Amino acid sequence: MNENQMTLFENTTPAQADALALHYEIMTAARAAADSLLNLGRKLKQMRDTGHYKDLGFDTFAAYTETAVGIRQRQAYNYISVVEKLPAQLIEENAAAGVTKLALLAKLGPDDREEVAADGLANITVAELQKIIDERNNMAEQLAMFETSPADTVEADAHEVDMEQLRAEIAAELEAKHAAALEAAKADAQRAAEKAAADKIAKAKADAKAKAERQIANARKEAADAAAAEQAEKDRAELAAAQQRAAEATQRAAETAKQLKLQADDKGGSAGRRRREMHGSPPYASVMPRGQTGRRRGHRAGQPAESNACGQLRQPLRSSAGKYAGR
């Protein structure tokens with residue numbers, strides 16, 4: 001249950017209306033606790049003493065403070081303890097110190113409260129204030145032991161104890177202990193602060209080193225990737241150039257083979273033409289008609305006839321010069 005849910009009551013009873021109004025007053029005081037610590041403590045005390053938190057649907061005061069108000073039970077009881085045990089003026093004068101220190105101050109007697117508060121609660125820590133309170137309470141217990149000791153425990157010839165002197169001695173002793181404890185606490189705080197600063201510096205250095213190492217690693221990776229990409233581009237360019245050269249060589253070879261073939265064809269044709277020009281007739285004689293046994297004109301007597309590849313008779317050719325020379 002929260003503050004908004006508390007506005008959804010149906011058929012609200014007078015007790016619930018009063019409790020709800022008180023709750024809103026508590027929330028208002030809580031929002032300005034530094035200025036209205038006294039008012040907040042009184043309202044919480046009233047809620048606890050009247051039991052109105054039950055009218056709001058809470059079984060315990062602790063459940064109400066933690067769920068609806070938003071503070072822990074111990075903190076709520078600190079507010080109540082302060083308004084129950086400390087004067088209103090003392091609370092208002094030291095409200096800036098906080099309710100925790102005021103609750104510790106409430107454990108002291110009236111005289112000790114004024115003396116400790118005079119030193120300024122805002123200038124000491126909670127731990128230091130707790131030590132002071134423990135010392136003061138120990139001193140009070142020792143004084144009480146002396147004041148309540150039976151008379152028969154004192155020797156008859158003993159002098160009467162000077163209580164004022166005894167208080168002064170105990171106070172001086174406790175003051176010395178308090179001063180020593182305060183110095184020790186300051187030294188501890190100084191050492192803790194120095195250690196925290198050293199740890200912070202060491203962590204900052206470690207973080208900076210790790211960041212630098214990451215940056216270097218990233219830079220190396222980027223450089224390696226760039227080099228690999230550049231090499232791959234060069235390899236692709238070289239491969240393309242090699243393929244281009246191979247294609248050009250293949251084309252040149254084809255053109256050369258074509259030219260050689262054309263040249264061979266030209267040479268064969270030229271040789272045939274030269275033979276025909278030289279002999280003035282086809283390379284082989286005409287085929288004799290079937291059944292003709294006569295010799296070819298111009299055939300020398302006694303020279304046998306030759307047959308060609310088709311089994312046809314052919315006569316050897318003679319040059320024009322020989323033809324006329326034989327005549």
# chains A, B, ... in the order shown; residues from 1 in each chain; ligands from 1
$ residues_around --residues "Gln73 in chain A" --least-positions-apart "4" --cutoff "8 Å" --atoms "only C-alpha atoms" --output "PyMOL selection string"
chain A and resi 61-63+65-66+77
$ write_last_selection --atoms "N, CA, C and O atoms" --output "PDB file, in the first residue's frame"
ATOM      1  N   PHE A  61       3.099  -0.911  13.387  1.00  0.00           N
ATOM      2  CA  PHE A  61       3.626   0.426  13.137  1.00  0.00           C
ATOM      3  C   PHE A  61       4.830   0.360  12.200  1.00  0.00           C
ATOM      4  O   PHE A  61       5.029   1.239  11.341  1.00  0.00           O
ATOM      5  N   ALA A  62       5.649  -0.700  12.349  1.00  0.00           N
ATOM      6  CA  ALA A  62       6.815  -0.858  11.474  1.00  0.00           C
ATOM      7  C   ALA A  62       6.393  -1.026  10.016  1.00  0.00           C
ATOM      8  O   ALA A  62       7.001  -0.454   9.102  1.00  0.00           O
ATOM      9  N   ALA A  63       5.352  -1.818   9.771  1.00  0.00           N
ATOM     10  CA  ALA A  63       4.871  -2.008   8.401  1.00  0.00           C
ATOM     11  C   ALA A  63       4.385  -0.690   7.816  1.00  0.00           C
ATOM     12  O   ALA A  63       4.604  -0.400   6.631  1.00  0.00           O
ATOM     13  N   THR A  65       5.397   2.461   8.690  1.00  0.00           N
ATOM     14  CA  THR A  65       6.501   3.390   8.431  1.00  0.00           C
ATOM     15  C   THR A  65       7.322   2.966   7.212  1.00  0.00           C
ATOM     16  O   THR A  65       7.717   3.808   6.395  1.00  0.00           O
ATOM     17  N   GLU A  66       7.582   1.671   7.076  1.00  0.00           N
ATOM     18  CA  GLU A  66       8.427   1.204   5.975  1.00  0.00           C
ATOM     19  C   GLU A  66       7.688   1.221   4.636  1.00  0.00           C
ATOM     20  O   GLU A  66       8.277   1.524   3.601  1.00  0.00           O
ATOM     21  N   TYR A  77      11.536   5.284  15.111  1.00  0.00           N
ATOM     22  CA  TYR A  77      11.669   5.318  16.570  1.00  0.00           C
ATOM     23  C   TYR A  77      12.730   6.309  17.013  1.00  0.00           C
ATOM     24  O   TYR A  77      12.672   6.829  18.136  1.00  0.00           O
TER      25      TYR A  77
END
$ residues_around --residues "Met47 in chain A" --least-positions-apart "2" --cutoff "12 Å" --atoms "only C-alpha atoms" --output "VMD selection string"
chain A and resid 18 to 26 40 to 45 49 to 56 58 60 to 62 64 to 65 69 76 to 77 80
$ write_last_selection --atoms "C-alpha atoms" --output "PDB file, in the first residue's frame"
ATOM      1  CA  ASP A  18      -8.604  11.092  10.776  1.00  0.00           C
ATOM      2  CA  ALA A  19      -5.868   8.523  10.152  1.00  0.00           C
ATOM      3  CA  LEU A  20      -5.580   9.538   6.511  1.00  0.00           C
ATOM      4  CA  ALA A  21      -5.350  13.212   7.405  1.00  0.00           C
ATOM      5  CA  LEU A  22      -2.639  12.409   9.947  1.00  0.00           C
ATOM      6  CA  HIS A  23      -0.791  10.380   7.340  1.00  0.00           C
ATOM      7  CA  TYR A  24      -0.747  13.302   4.910  1.00  0.00           C
ATOM      8  CA  GLU A  25       0.611  15.524   7.653  1.00  0.00           C
ATOM      9  CA  ILE A  26       3.362  12.964   8.266  1.00  0.00           C
ATOM     10  CA  LEU A  40       7.658  14.787  12.150  1.00  0.00           C
ATOM     11  CA  GLY A  41       8.666  13.095  15.400  1.00  0.00           C
ATOM     12  CA  ARG A  42       5.511  14.271  17.146  1.00  0.00           C
ATOM     13  CA  LYS A  43       3.246  13.086  14.321  1.00  0.00           C
ATOM     14  CA  LEU A  44       4.930   9.675  14.223  1.00  0.00           C
ATOM     15  CA  LYS A  45       4.591   9.380  17.993  1.00  0.00           C
ATOM     16  CA  ASP A  49       0.361   5.851  20.351  1.00  0.00           C
ATOM     17  CA  THR A  50      -3.127   6.061  18.853  1.00  0.00           C
ATOM     18  CA  GLY A  51      -2.732   2.981  16.663  1.00  0.00           C
ATOM     19  CA  HIS A  52      -4.285   4.774  13.697  1.00  0.00           C
ATOM     20  CA  TYR A  53      -1.988   2.847  11.364  1.00  0.00           C
ATOM     21  CA  LYS A  54      -4.336  -0.112  11.844  1.00  0.00           C
ATOM     22  CA  ASP A  55      -7.204   1.963  10.446  1.00  0.00           C
ATOM     23  CA  LEU A  56      -5.097   2.328   7.288  1.00  0.00           C
ATOM     24  CA  PHE A  58      -1.423  -2.038   8.521  1.00  0.00           C
ATOM     25  CA  THR A  60       2.135  -3.026  12.786  1.00  0.00           C
ATOM     26  CA  PHE A  61       3.626   0.426  13.137  1.00  0.00           C
ATOM     27  CA  ALA A  62       6.815  -0.858  11.474  1.00  0.00           C
ATOM     28  CA  TYR A  64       3.238   1.418   8.182  1.00  0.00           C
ATOM     29  CA  THR A  65       6.501   3.390   8.431  1.00  0.00           C
ATOM     30  CA  VAL A  69       6.107   6.606   4.910  1.00  0.00           C
ATOM     31  CA  ALA A  76      10.929   6.226  12.961  1.00  0.00           C
ATOM     32  CA  TYR A  77      11.669   5.318  16.570  1.00  0.00           C
ATOM     33  CA  ILE A  80      10.032   9.515  18.445  1.00  0.00           C
TER      34      ILE A  80
END
$ closest_residue --among "A:Lys200, A:Ser36, A:Arg245, A:Glu115" --to "Ala96 in chain A" --atoms "only C-alpha atoms"
A:Ser36
$ atom_distance --atom1 "CA of Leu182 in chain A" --atom2 "CA of Glu128 in chain A"
6.8 Å
$ select_by_dssp --residues "range 28-111 of chain A" --states "helix (DSSP H, G or I)" --output "VMD selection string"
chain A and resid 28 to 31 37 to 50 52 to 56 61 to 69 73 to 85 88 to 93 95 to 97 99 to 105 110 to 111
$ write_last_selection --atoms "C-alpha atoms" --output "CSV table (one decimal), in the first residue's frame"
chain,number,residue,atom,x,y,z
A,28,THR,CA,4.4,16.6,4.4
A,29,ALA,CA,6.7,16.8,7.4
A,30,ALA,CA,8.9,14.0,6.0
A,31,ARG,CA,9.5,15.9,2.8
A,37,LEU,CA,12.2,17.2,12.5
A,38,LEU,CA,10.3,18.1,15.6
A,39,ASN,CA,7.0,18.1,13.9
A,40,LEU,CA,7.7,14.8,12.1
A,41,GLY,CA,8.7,13.1,15.4
A,42,ARG,CA,5.5,14.3,17.1
A,43,LYS,CA,3.2,13.1,14.3
A,44,LEU,CA,4.9,9.7,14.2
A,45,LYS,CA,4.6,9.4,18.0
A,46,GLN,CA,0.9,10.2,17.7
A,47,MET,CA,0.4,7.6,15.0
A,48,ARG,CA,2.1,5.0,17.1
A,49,ASP,CA,0.4,5.9,20.4
A,50,THR,CA,-3.1,6.1,18.9
A,52,HIS,CA,-4.3,4.8,13.7
A,53,TYR,CA,-2.0,2.8,11.4
A,54,LYS,CA,-4.3,-0.1,11.8
A,55,ASP,CA,-7.2,2.0,10.4
A,56,LEU,CA,-5.1,2.3,7.3
A,61,PHE,CA,3.6,0.4,13.1
A,62,ALA,CA,6.8,-0.9,11.5
A,63,ALA,CA,4.9,-2.0,8.4
A,64,TYR,CA,3.2,1.4,8.2
A,65,THR,CA,6.5,3.4,8.4
A,66,GLU,CA,8.4,1.2,6.0
A,67,THR,CA,5.7,0.8,3.4
A,68,ALA,CA,3.7,4.0,3.5
A,69,VAL,CA,6.1,6.6,4.9
A,73,GLN,CA,11.2,1.3,11.8
A,74,ARG,CA,14.4,2.1,13.6
A,75,GLN,CA,14.5,5.6,12.0
A,76,ALA,CA,10.9,6.2,13.0
A,77,TYR,CA,11.7,5.3,16.6
A,78,ASN,CA,14.7,7.6,16.5
A,79,TYR,CA,12.4,10.5,15.6
A,80,ILE,CA,10.0,9.5,18.4
A,81,SER,CA,12.9,9.1,20.9
A,82,VAL,CA,14.2,12.6,20.1
A,83,VAL,CA,10.9,14.3,20.7
A,84,GLU,CA,10.3,12.4,23.9
A,85,LYS,CA,13.7,13.0,25.5
A,88,ALA,CA,12.3,21.3,21.6
A,89,GLN,CA,14.9,24.2,21.5
A,90,LEU,CA,17.8,21.7,21.5
A,91,ILE,CA,16.2,19.8,18.7
A,92,GLU,CA,15.6,22.9,16.6
A,93,GLU,CA,19.1,24.2,17.2
A,95,ALA,CA,18.3,19.7,13.4
A,96,ALA,CA,21.0,20.0,10.8
A,97,ALA,CA,23.0,17.3,12.5
A,99,VAL,CA,18.0,12.5,13.7
A,100,THR,CA,20.6,9.8,14.2
A,101,LYS,CA,22.9,12.0,16.2
A,102,LEU,CA,20.0,13.6,18.1
A,103,ALA,CA,18.8,10.1,19.1
A,104,LEU,CA,22.3,9.3,20.4
A,105,LEU,CA,22.4,12.6,22.3
A,110,PRO,CA,20.5,16.8,30.7
A,111,ASP,CA,23.9,18.3,31.7
$ atom_distance --atom1 "CA of Leu174 in chain A" --atom2 "CA of Glu135 in chain A"
6.4 Å
$ closest_residue --among "A:Asp134, A:Asp207, A:Glu222, A:Glu213" --to "Ala181 in chain A" --atoms "only C-alpha atoms"
A:Asp134
$ atom_distance --atom1 "CA of Thr125 in chain A" --atom2 "CA of Ala185 in chain A"
9.6 Å
$ decode --residues "range 97-129 of chain A" --atoms "N, CA, C and O atoms" --output "compact mmCIF listing (two decimals), in the first residue's frame"
# COMPACT_ATOMS: atom_id res chain seq x y z
N ALA A 97 22.12 18.44 12.25
CA ALA A 97 22.99 17.30 12.52
C ALA A 97 22.33 15.98 12.16
O ALA A 97 23.02 14.97 11.96
N GLY A 98 21.01 15.95 12.09
CA GLY A 98 20.31 14.73 11.72
C GLY A 98 19.73 14.01 12.91
O GLY A 98 20.17 14.15 14.06
N VAL A 99 18.72 13.19 12.63
CA VAL A 99 18.00 12.52 13.70
C VAL A 99 18.84 11.44 14.37
O VAL A 99 18.66 11.15 15.56
N THR A 100 19.79 10.84 13.65
CA THR A 100 20.62 9.77 14.24
C THR A 100 21.47 10.32 15.38
O THR A 100 21.54 9.72 16.47
N LYS A 101 22.13 11.45 15.15
CA LYS A 101 22.95 12.05 16.20
C LYS A 101 22.08 12.55 17.36
O LYS A 101 22.48 12.42 18.53
N LEU A 102 20.92 13.10 17.04
CA LEU A 102 20.03 13.57 18.11
C LEU A 102 19.53 12.40 18.95
O LEU A 102 19.39 12.52 20.18
N ALA A 103 19.29 11.26 18.30
CA ALA A 103 18.84 10.08 19.05
C ALA A 103 19.95 9.59 19.98
O ALA A 103 19.68 9.14 21.11
N LEU A 104 21.20 9.66 19.54
CA LEU A 104 22.32 9.29 20.42
C LEU A 104 22.44 10.29 21.57
O LEU A 104 22.71 9.90 22.72
N LEU A 105 22.27 11.56 21.25
CA LEU A 105 22.36 12.58 22.30
C LEU A 105 21.28 12.38 23.35
O LEU A 105 21.50 12.71 24.54
N ALA A 106 20.15 11.85 22.97
CA ALA A 106 19.06 11.63 23.92
C ALA A 106 19.41 10.58 24.97
O ALA A 106 18.72 10.48 25.99
N LYS A 107 20.45 9.79 24.74
CA LYS A 107 20.85 8.78 25.72
C LYS A 107 21.60 9.38 26.91
O LYS A 107 21.81 8.69 27.91
N LEU A 108 22.04 10.63 26.78
CA LEU A 108 22.77 11.28 27.87
C LEU A 108 21.83 12.01 28.81
O LEU A 108 20.68 12.28 28.49
N GLY A 109 22.38 12.34 29.97
CA GLY A 109 21.62 13.16 30.92
C GLY A 109 21.57 14.60 30.47
O GLY A 109 22.29 15.01 29.54
N PRO A 110 20.72 15.40 31.11
CA PRO A 110 20.53 16.79 30.69
C PRO A 110 21.82 17.60 30.64
O PRO A 110 22.08 18.32 29.67
N ASP A 111 22.67 17.48 31.68
CA ASP A 111 23.90 18.28 31.72
C ASP A 111 24.85 17.85 30.61
O ASP A 111 25.47 18.70 29.93
N ASP A 112 25.02 16.55 30.45
CA ASP A 112 25.93 16.06 29.42
C ASP A 112 25.44 16.41 28.01
O ASP A 112 26.23 16.68 27.11
N ARG A 113 24.12 16.41 27.82
CA ARG A 113 23.58 16.77 26.51
C ARG A 113 24.00 18.17 26.11
O ARG A 113 24.47 18.41 24.99
N GLU A 114 23.79 19.10 27.04
CA GLU A 114 24.12 20.48 26.74
C GLU A 114 25.61 20.65 26.45
O GLU A 114 25.99 21.38 25.53
N GLU A 115 26.44 19.95 27.21
CA GLU A 115 27.89 20.09 27.03
C GLU A 115 28.35 19.51 25.69
O GLU A 115 29.15 20.13 24.97
N VAL A 116 27.83 18.34 25.37
CA VAL A 116 28.22 17.71 24.09
C VAL A 116 27.67 18.51 22.92
O VAL A 116 28.36 18.73 21.92
N ALA A 117 26.42 18.97 23.02
CA ALA A 117 25.83 19.73 21.93
C ALA A 117 26.53 21.06 21.73
O ALA A 117 26.55 21.59 20.61
N ALA A 118 27.11 21.59 22.79
CA ALA A 118 27.80 22.87 22.67
C ALA A 118 29.02 22.77 21.76
O ALA A 118 29.43 23.77 21.15
N ASP A 119 29.62 21.59 21.69
CA ASP A 119 30.79 21.40 20.81
C ASP A 119 30.41 21.36 19.33
O ASP A 119 31.29 21.44 18.47
N GLY A 120 29.11 21.21 19.07
CA GLY A 120 28.66 21.17 17.67
C GLY A 120 28.50 19.75 17.16
O GLY A 120 29.49 19.09 16.86
N LEU A 121 27.26 19.28 17.09
CA LEU A 121 27.02 17.91 16.64
C LEU A 121 27.36 17.73 15.16
O LEU A 121 27.74 16.64 14.73
N ALA A 122 27.24 18.79 14.38
CA ALA A 122 27.49 18.68 12.95
C ALA A 122 28.96 18.50 12.63
O ALA A 122 29.32 18.10 11.52
N ASN A 123 29.85 18.78 13.62
CA ASN A 123 31.29 18.73 13.38
C ASN A 123 31.92 17.39 13.73
O ASN A 123 33.13 17.22 13.56
N ILE A 124 31.14 16.45 14.26
CA ILE A 124 31.68 15.14 14.62
C ILE A 124 30.87 14.06 13.93
O ILE A 124 29.72 14.28 13.54
N THR A 125 31.51 12.91 13.80
CA THR A 125 30.81 11.80 13.14
C THR A 125 29.95 11.05 14.13
O THR A 125 30.05 11.24 15.35
N VAL A 126 29.12 10.18 13.62
CA VAL A 126 28.27 9.36 14.48
C VAL A 126 29.11 8.45 15.36
O VAL A 126 28.82 8.25 16.55
N ALA A 127 30.20 7.90 14.80
CA ALA A 127 31.07 7.01 15.58
C ALA A 127 31.74 7.76 16.72
O ALA A 127 31.85 7.26 17.86
N GLU A 128 32.20 8.97 16.43
CA GLU A 128 32.83 9.78 17.48
C GLU A 128 31.82 10.13 18.58
O GLU A 128 32.14 10.10 19.77
N LEU A 129 30.62 10.49 18.18
CA LEU A 129 29.58 10.82 19.16
C LEU A 129 29.24 9.60 20.02
O LEU A 129 29.03 9.71 21.24
